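Trainee: Next up, input_29.csv (CSV, C-alpha atoms and all ligand atoms).
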```csv
chain,number,residue,atom,x,y,z
A,1,MET,CA,122.6,223.4,112.4
A,2,PRO,CA,121.0,219.9,112.0
A,3,ARG,CA,121.0,218.4,108.6
A,4,SER,CA,117.6,218.4,107.0
A,5,PRO,CA,116.0,214.9,106.5
A,6,ALA,CA,115.5,215.7,102.8
A,7,ARG,CA,119.3,215.8,102.5
A,8,SER,CA,120.4,213.0,104.8
A,9,LEU,CA,117.9,210.3,103.5
A,10,PRO,CA,119.6,210.0,100.1
A,11,ARG,CA,123.0,209.9,101.8
A,12,LEU,CA,121.7,207.1,104.1
A,13,LEU,CA,120.4,205.1,101.1
A,14,ILE,CA,123.7,205.4,99.3
A,15,THR,CA,125.6,204.3,102.4
A,16,LEU,CA,123.2,201.3,102.7
A,17,LEU,CA,123.5,200.4,99.1
A,18,THR,CA,127.3,200.6,99.2
A,19,THR,CA,127.4,198.4,102.2
A,20,VAL,CA,125.1,195.8,100.7
A,21,SER,CA,127.1,195.8,97.4
A,22,LEU,CA,130.4,195.4,99.2
A,23,SER,CA,129.2,192.5,101.3
A,24,ALA,CA,127.8,190.9,98.2
A,25,LEU,CA,131.1,191.2,96.5
A,26,LEU,CA,133.0,189.8,99.5
A,27,THR,CA,130.8,186.8,100.3
A,28,GLY,CA,128.8,186.2,97.1
A,29,PRO,CA,125.0,186.4,97.0
A,30,ALA,CA,124.4,182.7,97.4
A,31,ALA,CA,126.5,182.2,100.5
A,32,PRO,CA,124.5,183.6,103.4
A,33,ALA,CA,125.5,180.7,105.7
A,34,ALA,CA,129.2,181.5,105.6
A,35,GLY,CA,129.8,183.5,108.7
A,36,PRO,CA,132.4,186.2,108.9
A,37,GLY,CA,135.9,185.0,109.1
A,38,ARG,CA,135.1,181.6,107.7
A,39,THR,CA,136.8,180.7,104.5
A,40,THR,CA,134.7,179.0,101.8
A,41,THR,CA,136.2,176.1,99.9
A,42,GLU,CA,135.7,174.7,96.5
A,43,THR,CA,135.4,171.0,96.0
A,44,THR,CA,136.2,169.4,92.7
A,45,VAL,CA,134.1,166.7,91.1
A,46,VAL,CA,135.7,165.2,88.0
A,47,ILE,CA,133.5,163.8,85.2
A,48,GLU,CA,135.5,161.0,83.7
A,49,GLY,CA,134.5,157.7,82.1
A,50,PHE,CA,130.9,158.6,82.4
A,51,GLU,CA,131.0,158.9,86.1
A,52,PHE,CA,131.0,161.7,88.7
A,53,VAL,CA,134.2,161.2,90.8
A,54,PRO,CA,133.6,161.2,93.7
A,55,ALA,CA,129.9,160.5,93.3
A,56,SER,CA,129.2,162.0,96.7
A,57,VAL,CA,130.8,165.1,98.2
A,58,THR,CA,130.2,166.7,101.6
A,59,ILE,CA,130.7,170.4,102.0
A,60,HIS,CA,129.7,173.3,104.2
A,61,ALA,CA,127.0,175.9,103.5
A,62,GLY,CA,128.6,178.6,101.5
A,63,ASP,CA,131.1,176.3,99.8
A,64,SER,CA,131.1,175.6,96.1
A,65,VAL,CA,131.4,172.5,94.0
A,66,ARG,CA,133.3,172.7,90.7
A,67,TRP,CA,132.6,170.0,88.0
A,68,VAL,CA,135.4,169.4,85.6
A,69,ASN,CA,134.5,167.5,82.4
A,70,LYS,CA,137.5,165.3,81.5
A,71,ASP,CA,135.4,163.2,79.1
A,72,ASN,CA,135.4,163.6,75.4
A,73,ASP,CA,131.6,163.9,75.6
A,74,GLU,CA,129.3,166.6,76.8
A,75,HIS,CA,127.7,166.3,80.2
A,76,THR,CA,125.6,168.4,82.6
A,77,SER,CA,125.3,168.8,86.3
A,78,THR,CA,121.6,169.0,86.9
A,79,SER,CA,119.9,168.8,90.3
A,80,ASP,CA,117.2,166.2,90.7
A,81,GLU,CA,114.9,168.7,92.4
A,82,PRO,CA,114.8,172.3,91.2
A,83,GLY,CA,118.1,173.9,92.2
A,84,TRP,CA,120.8,174.2,89.5
A,85,ASP,CA,121.5,173.2,86.0
A,86,SER,CA,124.9,173.7,84.4
A,87,GLY,CA,123.6,173.4,80.9
A,88,ILE,CA,126.0,171.6,78.5
A,89,ILE,CA,129.5,171.3,80.0
A,90,PRO,CA,131.7,170.7,76.9
A,91,PRO,CA,134.8,168.5,77.1
A,92,GLY,CA,137.6,170.3,79.0
A,93,SER,CA,135.2,172.8,80.6
A,94,THR,CA,134.0,173.4,84.1
A,95,PHE,CA,130.9,174.5,86.0
A,96,THR,CA,130.8,175.9,89.5
A,97,GLN,CA,127.8,176.1,91.8
A,98,VAL,CA,127.7,177.7,95.3
A,99,PHE,CA,125.6,175.9,97.9
A,100,GLY,CA,124.1,178.3,100.5
A,101,THR,CA,121.6,175.9,102.1
A,102,PRO,CA,122.2,172.8,104.1
A,103,GLY,CA,120.6,169.6,102.7
A,104,THR,CA,121.2,166.6,100.5
A,105,PHE,CA,121.0,167.3,96.8
A,106,GLY,CA,121.0,164.5,94.3
A,107,TYR,CA,121.9,165.4,90.8
A,108,HIS,CA,122.4,163.8,87.4
A,109,CYS,CA,123.6,164.3,83.8
A,110,ASP,CA,120.7,165.4,81.6
A,111,LEU,CA,122.3,163.6,78.7
A,112,HIS,CA,123.2,160.3,80.3
A,113,SER,CA,120.7,159.1,82.9
A,114,SER,CA,123.2,156.7,84.4
A,115,LEU,CA,125.4,159.5,85.6
A,116,THR,CA,124.2,160.4,89.1
A,117,GLY,CA,125.8,162.1,92.1
A,118,LYS,CA,125.1,163.7,95.4
A,119,VAL,CA,126.1,166.9,97.2
A,120,VAL,CA,125.6,166.9,101.0
A,121,VAL,CA,125.7,170.4,102.4
A,122,GLU,CA,126.2,170.6,106.2
B,1,CU,CU,126.6,163.0,80.6
```
Could you spell out this file's structure in structure tokens?
Ligand SMILES: [Cu+2]
Mentor:
Amino acid sequence: MPRSPARSLPRLLITLLTTVSLSALLTGPAAPAAGPGRTTTETTVVIEGFEFVPASVTIHAGDSVRWVNKDNDEHTSTSDEPGWDSGIIPPGSTFTQVFGTPGTFGYHCDLHSSLTGKVVVE
């Protein structure tokens, strides 16, 4: 006997939701450009001596950048255009941002206007 639509629809929804949740867990919601089988990488930018080191990093879509504050002062990683804002990164702390979209993204420290950097996403 065929299953009635009233019974199979909720089951289909649950299957869909489970699939979406699983893929979100596996790839992260901000990494749509990372194809299956490609490993994402994390690039580290050190904040030291009131500089982003290196000041420019090039990554692939789906990769992440991790800022590590090695200064004794607070800093931020804030995109020049709307995009991301770490908020205060206390000394010894880190902030990680995933980049899902190709482009060139300038950023700065909100507390020290001389601190600038660039993330190039290929
Ligand atoms: Cu700063």
Trainee: List as an mmCIF file with C-alpha atoms, in the coordinates of the input the protein and nucleic acid residues lying within 6 Å of ligand CU 1 (chain B), with only C-alpha atoms and all ligand atoms counted.
Mentor:
```
data_model
loop_
_atom_site.group_PDB
_atom_site.id
_atom_site.type_symbol
_atom_site.label_atom_id
_atom_site.label_comp_id
_atom_site.auth_asym_id
_atom_site.auth_seq_id
_atom_site.Cartn_x
_atom_site.Cartn_y
_atom_site.Cartn_z
ATOM 1 C CA GLU A 74 129.300 166.600 76.800
ATOM 2 C CA HIS A 75 127.700 166.300 80.200
ATOM 3 C CA THR A 76 125.600 168.400 82.600
ATOM 4 C CA CYS A 109 123.600 164.300 83.800
ATOM 5 C CA LEU A 111 122.300 163.600 78.700
ATOM 6 C CA HIS A 112 123.200 160.300 80.300
#
```
Trainee: Kindly give the distance, in Å, that separates atom CA of Val45 of chain A and atom CA of Val65 of chain A, rounded to a single decimal.
Mentor: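 Between atom CA of Val45 of chain A and atom CA of Val65 of chain A the gap works out to 7.0 Å.
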Trainee: From the set A:Thr58, A:Glu122, A:Ile47, A:Asp73, which residue has the shortest atom-to-atom contact distance to His108 of chain A, counting all atoms listed in the file?
Mentor: A:Ile47
Trainee: Of the candidates A:Thr39, A:Leu115, A:Phe95, A:Pro90, which shows the shortest atom-to-atom distance to His60 of chain A, using only C-alpha atoms?
Mentor: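 Answer, going by the shortest atom-to-atom distance: A:Thr39.
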Trainee: Hey, which of A:Asn69, A:Thr44, A:Val121, A:Gly49 ends up closest to Thr101 of chain A? Count only C-alpha atoms.
Mentor: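 Closest to Thr101 of chain A of all the choices is A:Val121.
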Trainee: Using all atoms listed in the file, pick whichever of A:Gly83, A:Gly106, A:Gly117, A:Gly62 has the shortest atom-to-atom distance to Thr40 of chain A.
Mentor: A:Gly62
Trainee: Figure out the distance between atom CA of Asp63 of chain A and atom CA of Ile89 of chain A, please, to one decimal in Å.
Mentor: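 Separation between atom CA of Ile89 of chain A and atom CA of Asp63 of chain A: 20.5 Å.
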Trainee: Can you work out which one of A:Thr116, A:Pro91, A:Arg38, A:Val98 has the shortest atom-to-atom distance to Lys70 of chain A, counting all atoms listed in the file?
Mentor: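 Closest candidate: A:Pro91.
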Trainee: Rank A:Arg66, A:Lys118, A:Glu51, A:Thr94 by their smallest atom-to-atom distance to Ser79 of chain A, using all atoms listed in the file, and report the top residue only.
Mentor: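 Smallest distance to Ser79 of chain A is found for A:Lys118.
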Trainee: Between atom CA of Thr43 of chain A and atom CA of Ala55 of chain A, what is the distance, to one decimal in Å?
Mentor: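 It comes out at 12.2 Å.
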